[in-house]
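Take a look at the structure below.
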Number of protein chains: 2
Amino acid sequence: MANYLSMTKEELAVEFETVKHEFEKIKGAKLSLDMSRGKPGADQLDLSEELLGLVSAKTGFKSENGTETRNYGGLDGLSELKKLFGEVLGMDSENVICGGNSSLNMMFDTITQGMVTGFGEGPWMTQGKVKFICPSPGYDRHFGICEYYGMELIMVKNTETGPDMDAVEELVKDPLVKGMWCVPKYSNPTGITYSDETVKRIAALKPAAKDFRVMWDNAYVVHDLYNTTDPLLNIYEECVKNGNEDLVFQFTSTSKITYPGAGVAAEAASPNNIKMLKARMTVQTIGPDKVNQLCHARMIPSIEALAKQMKRHADILRPKFEACLKQFSDALGDKGIATWTTPKGGYFISMEVLSGCAKRVGELCKEAGLVITAPGAPFPYGLDPEDSNLRIAPSFPGVKELAVAAEVLCVAVKYAALEKLVK
Amino acid sequence: MANYLSMTKEELAVEFETVKHEFEKIKGAKLSLDMSRGKPGADQLDLSEELLGLVSAKTGFKSENGTETRNYGGLDGLSELKKLFGEVLGMDSENVICGGNSSLNMMFDTITQGMVTGFGEGPWMTQGKVKFICPSPGYDRHFGICEYYGMELIMVKNTETGPDMDAVEELVKDPLVKGMWCVPKYSNPTGITYSDETVKRIAALKPAAKDFRVMWDNAYVVHDLYNTTDPLLNIYEECVKNGNEDLVFQFTSTSKITYPGAGVAAEAASPNNIKMLKARMTVQTIGPDKVNQLCHARMIPSIEALAKQMKRHADILRPKFEACLKQFSDALGDKGIATWTTPKGGYFISMEVLSGCAKRVGELCKEAGLVITAPGAPFPYGLDPEDSNLRIAPSFPGVKELAVAAEVLCVAVKYAALEKLVK
């Protein structure tokens with residue numbers, strides 16, 4: 001009697017009454033829970049308690065090569081951080097730019113540069129209505145940048161191995177298709193990591209537009225939940241093999257390593273791309289906040305120190321993911337109305353519910369005092385064509401709160417499914 | 001025999017020999033001096049020694065209204081800093097945005113927004129070859145932004161009371177003229193402050209372009225050298241009186257209050273302008289570095305604390321300005337070949353030498369081991385039509401070094417003048 005899809009109408013009606021009763025009970029508890037944002041919790045913030053104290057009159061304000069961090073200058077950041085980010089992304093440090101606190105800002109500025117001055121082929125803006133490939137579900141803020149600039153957002157499916165490459169290879173034949181968003185590791189929101197084949201096929205793309213660029217947001221590059229890591233091919237090396245080295249801009253940051261709002265972001269690319277970025281940056285700013293960069297360089301002096309810090313994050317995050325997944329499994333495992341990802345890293349779990357039910361789940365959660373990411377948000381224009389995807393962010397609430405939140409979510413998922421099935 | 005302009009050819013030749021001798025002696029000393037950049041000196045950096053220590057686990061990471069500064073969020077900055085910058089600029093705090101470490105970056109982003117999405121009248125980019133008014137001598141990085149975007153830079157004269165407003169009023173009749181740069185107080189590089197009449201005439205402009213904007217870079221708003229201050233009218237209030245409240249974007253920063261590379265920048269404008277800026281920013285970033293903002297809010301909790309900090313800067317800078325000015329007066333006061341400004345604040349002295357001599361002075365200084373700002377730099381396209389202006393930045397070297405540097409400069413000025421006059 002467990003699987004809803006094999007129940008009779010009568011059985012479904014009985015089950016619906018039970019679930020309605022559960023739901024009313026939850027509503028009565030007047031909860032106030034939030035699983036909507038991939039925001040580190042307070043205990044994770046405390047892991048970087050020492051950060052600001054590492055730079056003072058006593059320890060000095062100079063970087064390893066003698067740069068006075070407090071004064072002007074240093075367009076592309078401190079050499080020690082360029083090295084660290086280079087190691088993380090598998091890039092030579094001279095091909096890395098360390099910026100301010102926001103990798104999103106670096107992405108926005110890069111896309112803006114495409115629009116207004118372009119990447120060697122004139123401004124995108126003057127070439128017609130530019131299009132951008134948006135593997136979905138994906139990160140709403142990526143798509144938001146393209147939407148802001150009035151581009152046409154083209155959805156392709158994000159599969160278990162990454163974007164649907166058959167579709168992508170077809171789309172790049174259009175010279176107005178200027179780029180593509182990717183979160184290659186522990187993808188937001190599906191949690192999957194691109195397969196070797198996917199990375200190789202991306203690196204081998206021969207787009208009609210010479211100024212086509214892949215926006216490779218490696219936000220979760222070192223964000224493992226377990227002692228193993230999902231392997232990811234080095235996109236730049238693959239691009240070089242294909243004579244395609246200008247194809248990709250890579251991004252990452254310490255937002256989920258130190259402080260979300262006060263970390264250091266980085267962008268890496270080919271020498272030619274870096275040269276184009278710096279031609280803009282040298283007009284845009286005198287340089288990034290090197291004092292904060294020095295704090296970071298001192299707190300994370302090596303890949304080993306980074307791994308240690310990430311293990312501490314994982315120890316906090318893992319129980320949260322597991323609490324959610326256990327609840328999903330217990331409450332929905334045998335119901336046939338939902339599937340979900342079991343990521344080995346990152347900040348999100350993605351759930352597929354019955355087609356046409358996701359928005360309703362969102363409404364029910366809200367009624368019950370639980371905020372989840374607006375269903376549809378991870379899709380271009382906020383429209384999930386199947387209305388079936390839910391993005392679940394387990395990082396911010398405490399483990400106990402989270403177990404309750406996951407329970408509420410499961411009841412809402414059952415409720416919405418039954419509502420559909422009893423009709 | 002003092003004034004070169006009243007000397008006979010023979011007298012000039014004799015004087016030239018003396019000056020050449022002086023110059024060779026200086027060259028022999030193999031100096032290495034730099035008066036090229038408006039960079040605070042090391043002792044000024046030490047005035048903010050406490051900054052980073054003010055935020056720690058002990059003092060807490062929350063702002064006055066309970067905002068967790070380490071986490072994401074807070075698009076327009078901490079309320080305490082919005083208040084402080086509001087007081088400094090004479091604006092309501094809700095009309096202030098606090099950003100990252102660079103006001104130049106905020107200006108660049110604002111101009112970029114004009115280019116690519118515009119200010120209510122469509123993108124500037126699609127309206128033709130846009131023009132920008134550049135009062136000169138002015139700040140080369142301002143002009144550089146417009147040059148980068150391929151605008152036509154239109155020079156107007158920066159007089160003792162500010163930009164030549166007769167010229168400006170004429171120019172804004174052209175709908176392709178989209179804006180104007182201003183450094184209204186202790187202007188870079190002339191050191192003058194705009195007169196009340198100039199501010200009133202700017203505020204009363206009725207440009208043909210509805211999307212014309214004044215870029216009001218109030219970089220030296222609290223940067224007095226003495227106990228008095230050059231009075232400056234509140235541009236926004238004047239604009240409001242004229243029904244012109246959307247005319248102006250104001251900028252300032254703590255770059256020369258705390259750390260040049262790691263301060264906090266701010267932008268202020270009308271509610272309508274702020275709304276347009278935020279529409280872009282909300283897509284561009286999740287928010288500025290609030291931890292650094294909290295450090296600043298705690299170090300400078302009031303206008304009084306700010307005044308105290310600026311007095312400490314003035315005590316370091318004043319002797320440097322005075323050492324230069326004394327040297328100029330001693331060496332050039334009676335020669336009739338140079339005039340210079342005597343600013344009451346800011347970071348620069350501006351010198352006018354004989355027409356056609358500025359570049360030559362730059363070359364001679366270089367030969368003698370002194371770097372000065374490239375003559376011409378403070379003009380659109382780097383071209384000083386008179387080749388007569390020198391920007392002198394006395395802040396970075398120590399007082400003793402500076403006296404030597406000023407001496408070298410004076411010899412170079414005499415050398416170049418005599419070279420011209422003996423012909």
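Starting from 1 in every chain, residues are counted up; chains themselves are A, B, ... following the order of the structure tokens, and ligands are numbered from 1 as listed.
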
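The residues of stretch 218-385 of chain A that DSSP classifies as strand (DSSP E), using the backbone of this structure, are Val248, Phe249, Gln250, Phe251, Thr252, Ser253, Ala265, Ala266, Glu267, Ala268, Ala338, Thr339, Trp340, Ile349, Ser350, Met351, Glu352, Val353, Leu370, Val371 and Ile372 of chain A.
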
Neighbours of chain A in chain B at 6 Å, counting only C-alpha atoms, as a PyMOL selection string: chain B and resi 70-72+104-105+108+145+259-262+283-285+289

Surrounding residues of B:Leu5 excluding itself and chain neighbours under 2 positions, 9 Å, only C-alpha atoms, as a PyMOL selection string: chain B and resi 2-3+7-8+335-337+421

Atom-to-atom span, atom CA of B:Glu322 and atom CA of B:Tyr415, Å: 23.3 Å

Skipping near chain neighbours, those fewer than 4 positions away, what residues fall within 9 Å of A:Glu386 using only C-alpha atoms, listed as a CSV table (one decimal) with N, CA and C atoms, in the first residue's frame?
```csv
chain,number,residue,atom,x,y,z
A,354,LEU,N,6.1,15.0,-8.4
A,354,LEU,CA,5.3,14.8,-9.5
A,354,LEU,C,5.1,16.1,-10.4
A,355,SER,N,5.1,15.9,-11.7
A,355,SER,CA,4.9,17.0,-12.6
A,355,SER,C,3.7,17.9,-12.2
A,356,GLY,N,3.9,19.2,-12.2
A,356,GLY,CA,2.8,20.1,-11.8
A,356,GLY,C,2.6,20.3,-10.3
A,357,CYS,N,3.5,19.7,-9.5
A,357,CYS,CA,3.3,19.8,-8.1
A,357,CYS,C,4.2,20.7,-7.3
A,358,ALA,N,5.3,21.1,-7.9
A,358,ALA,CA,6.4,21.8,-7.2
A,358,ALA,C,5.9,23.2,-6.6
```

Selection near stretch 228-231 of chain A, 9 Å with only C-alpha atoms, sequence-local residues under 4 positions removed, as a list of chain:residue names: A:Lys185, A:Tyr186, A:Ile192, A:Thr193, A:Tyr194, A:Ser195, A:Asp196, A:Val222, A:His223, A:Asp224, A:Lys344, A:Gly345

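When only C-alpha atoms are used to measure the gap to B:Pro189, the shortest distance among B:Thr254, B:Thr110, B:Asn158, B:Asn218 belongs to B:Asn158.
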
Contacts of stretch 200-211 of chain B at 9 Å (only C-alpha atoms; same-chain gap of 2+ positions) as a CSV table (one decimal) with C-alpha atoms, in the first residue's frame:
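Okay, selection_36.csv is ready:
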```
chain,number,residue,atom,x,y,z
B,114,GLY,CA,24.7,54.5,-18.4
B,118,GLY,CA,21.0,53.8,-19.3
B,119,PHE,CA,19.2,56.2,-16.9
B,120,GLY,CA,15.6,56.0,-18.0
B,121,GLU,CA,16.2,57.0,-21.7
B,122,GLY,CA,17.8,53.8,-23.1
B,124,TRP,CA,23.9,55.7,-24.0
B,165,MET,CA,30.3,77.4,-16.5
B,168,VAL,CA,29.3,74.0,-19.7
B,169,GLU,CA,25.9,75.7,-20.1
B,171,LEU,CA,27.7,72.3,-24.2
B,172,VAL,CA,24.7,70.7,-22.4
B,173,LYS,CA,22.5,71.9,-25.2
B,174,ASP,CA,23.8,69.0,-27.2
B,175,PRO,CA,21.7,65.9,-26.4
B,176,LEU,CA,24.7,63.6,-26.9
B,177,VAL,CA,26.5,65.3,-24.0
B,178,LYS,CA,25.7,62.9,-21.2
B,179,GLY,CA,27.6,64.0,-18.2
B,195,SER,CA,32.4,78.7,-5.6
B,196,ASP,CA,28.8,79.0,-4.5
B,197,GLU,CA,28.0,80.4,-7.9
B,198,THR,CA,29.5,77.5,-9.7
B,213,ARG,CA,24.5,63.1,-15.1
B,214,VAL,CA,27.0,65.1,-13.0
B,233,LEU,CA,27.4,74.3,-1.1
B,235,ILE,CA,24.9,70.2,-4.5
B,236,TYR,CA,21.9,68.0,-3.8
B,237,GLU,CA,19.9,70.7,-2.0
B,238,GLU,CA,20.7,73.1,-4.8
B,239,CYS,CA,19.5,70.5,-7.3
B,240,VAL,CA,16.2,70.0,-5.4
B,241,LYS,CA,15.6,73.7,-5.4
B,242,ASN,CA,15.8,73.6,-9.2
B,243,GLY,CA,13.6,70.5,-9.6
B,244,ASN,CA,16.8,68.8,-10.8
B,245,GLU,CA,17.3,66.1,-8.1
B,246,ASP,CA,18.2,63.3,-10.5
B,247,LEU,CA,21.1,65.4,-12.0
B,248,VAL,CA,23.9,64.3,-9.6
```

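If you measure from each of B:Arg391, B:Lys278, B:Lys131, B:Lys414 to B:Glu94 using only C-alpha atoms, the closest one turns out to be B:Lys278.
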
Every residue of stretch 179-408 of chain A that DSSP places in helix (DSSP H, G or I), as an MDAnalysis selection string: chainID A and resid 196:203 235:241 245:247 271:284 290:299 303:332 358:367 380:382 399:408

Neighbours of B:Val408 within 8 Å (only C-alpha atoms; same-chain residues fewer than 3 positions away dropped), as a PDB file with all heavy atoms, in the first residue's frame?
```
ATOM      1  N   PHE B  23      71.843  71.695 -12.180  1.00  0.00           N
ATOM      2  CA  PHE B  23      71.182  70.484 -12.665  1.00  0.00           C
ATOM      3  C   PHE B  23      72.168  69.308 -12.723  1.00  0.00           C
ATOM      4  O   PHE B  23      71.845  68.189 -12.297  1.00  0.00           O
ATOM      5  CB  PHE B  23      70.579  70.744 -14.047  1.00  0.00           C
ATOM      6  CG  PHE B  23      69.762  69.598 -14.570  1.00  0.00           C
ATOM      7  CD1 PHE B  23      68.553  69.257 -13.972  1.00  0.00           C
ATOM      8  CD2 PHE B  23      70.206  68.834 -15.647  1.00  0.00           C
ATOM      9  CE1 PHE B  23      67.797  68.187 -14.445  1.00  0.00           C
ATOM     10  CE2 PHE B  23      69.458  67.766 -16.126  1.00  0.00           C
ATOM     11  CZ  PHE B  23      68.258  67.443 -15.525  1.00  0.00           C
ATOM     12  N   ILE B  26      72.812  67.956  -9.308  1.00  0.00           N
ATOM     13  CA  ILE B  26      71.692  67.120  -8.836  1.00  0.00           C
ATOM     14  C   ILE B  26      71.747  65.744  -9.490  1.00  0.00           C
ATOM     15  O   ILE B  26      71.593  64.720  -8.817  1.00  0.00           O
ATOM     16  CB  ILE B  26      70.336  67.803  -9.154  1.00  0.00           C
ATOM     17  CG1 ILE B  26      70.129  68.989  -8.225  1.00  0.00           C
ATOM     18  CG2 ILE B  26      69.187  66.805  -9.013  1.00  0.00           C
ATOM     19  CD1 ILE B  26      68.987  69.897  -8.637  1.00  0.00           C
ATOM     20  N   CYS B 365      63.125  66.175 -14.931  1.00  0.00           N
ATOM     21  CA  CYS B 365      62.966  65.570 -13.604  1.00  0.00           C
ATOM     22  C   CYS B 365      63.384  64.104 -13.661  1.00  0.00           C
ATOM     23  O   CYS B 365      64.094  63.613 -12.790  1.00  0.00           O
ATOM     24  CB  CYS B 365      61.518  65.675 -13.129  1.00  0.00           C
ATOM     25  SG  CYS B 365      61.086  67.329 -12.566  1.00  0.00           S
ATOM     26  N   ALA B 368      66.921  63.582 -13.640  1.00  0.00           N
ATOM     27  CA  ALA B 368      67.504  63.906 -12.334  1.00  0.00           C
ATOM     28  C   ALA B 368      67.037  62.941 -11.243  1.00  0.00           C
ATOM     29  O   ALA B 368      67.353  63.127 -10.067  1.00  0.00           O
ATOM     30  CB  ALA B 368      67.145  65.343 -11.961  1.00  0.00           C
ATOM     31  N   LEU B 370      63.769  62.145 -10.410  1.00  0.00           N
ATOM     32  CA  LEU B 370      62.505  62.487  -9.761  1.00  0.00           C
ATOM     33  C   LEU B 370      61.333  62.146 -10.683  1.00  0.00           C
ATOM     34  O   LEU B 370      61.271  62.630 -11.818  1.00  0.00           O
ATOM     35  CB  LEU B 370      62.470  63.990  -9.435  1.00  0.00           C
ATOM     36  CG  LEU B 370      61.099  64.556  -9.008  1.00  0.00           C
ATOM     37  CD1 LEU B 370      60.618  63.934  -7.698  1.00  0.00           C
ATOM     38  CD2 LEU B 370      61.167  66.090  -8.875  1.00  0.00           C
ATOM     39  N   VAL B 404      63.947  68.023  -0.994  1.00  0.00           N
ATOM     40  CA  VAL B 404      64.903  67.751  -2.082  1.00  0.00           C
ATOM     41  C   VAL B 404      64.160  67.648  -3.411  1.00  0.00           C
ATOM     42  O   VAL B 404      64.557  68.253  -4.414  1.00  0.00           O
ATOM     43  CB  VAL B 404      65.692  66.442  -1.809  1.00  0.00           C
ATOM     44  CG1 VAL B 404      66.667  66.177  -2.957  1.00  0.00           C
ATOM     45  CG2 VAL B 404      66.417  66.514  -0.484  1.00  0.00           C
ATOM     46  N   ALA B 405      63.046  66.884  -3.403  1.00  0.00           N
ATOM     47  CA  ALA B 405      62.268  66.698  -4.628  1.00  0.00           C
ATOM     48  C   ALA B 405      61.774  68.034  -5.167  1.00  0.00           C
ATOM     49  O   ALA B 405      61.854  68.300  -6.375  1.00  0.00           O
ATOM     50  CB  ALA B 405      61.092  65.759  -4.358  1.00  0.00           C
ATOM     51  N   VAL B 411      64.578  73.437 -10.129  1.00  0.00           N
ATOM     52  CA  VAL B 411      65.706  73.550 -11.057  1.00  0.00           C
ATOM     53  C   VAL B 411      65.250  73.150 -12.465  1.00  0.00           C
ATOM     54  O   VAL B 411      65.579  73.824 -13.454  1.00  0.00           O
ATOM     55  CB  VAL B 411      66.903  72.680 -10.584  1.00  0.00           C
ATOM     56  CG1 VAL B 411      68.002  72.669 -11.642  1.00  0.00           C
ATOM     57  CG2 VAL B 411      67.438  73.198  -9.260  1.00  0.00           C
ATOM     58  N   ALA B 412      64.451  72.078 -12.533  1.00  0.00           N
ATOM     59  CA  ALA B 412      63.953  71.623 -13.841  1.00  0.00           C
ATOM     60  C   ALA B 412      63.057  72.676 -14.477  1.00  0.00           C
ATOM     61  O   ALA B 412      63.113  72.905 -15.699  1.00  0.00           O
ATOM     62  CB  ALA B 412      63.208  70.306 -13.684  1.00  0.00           C
TER      63      ALA B 412
END
```
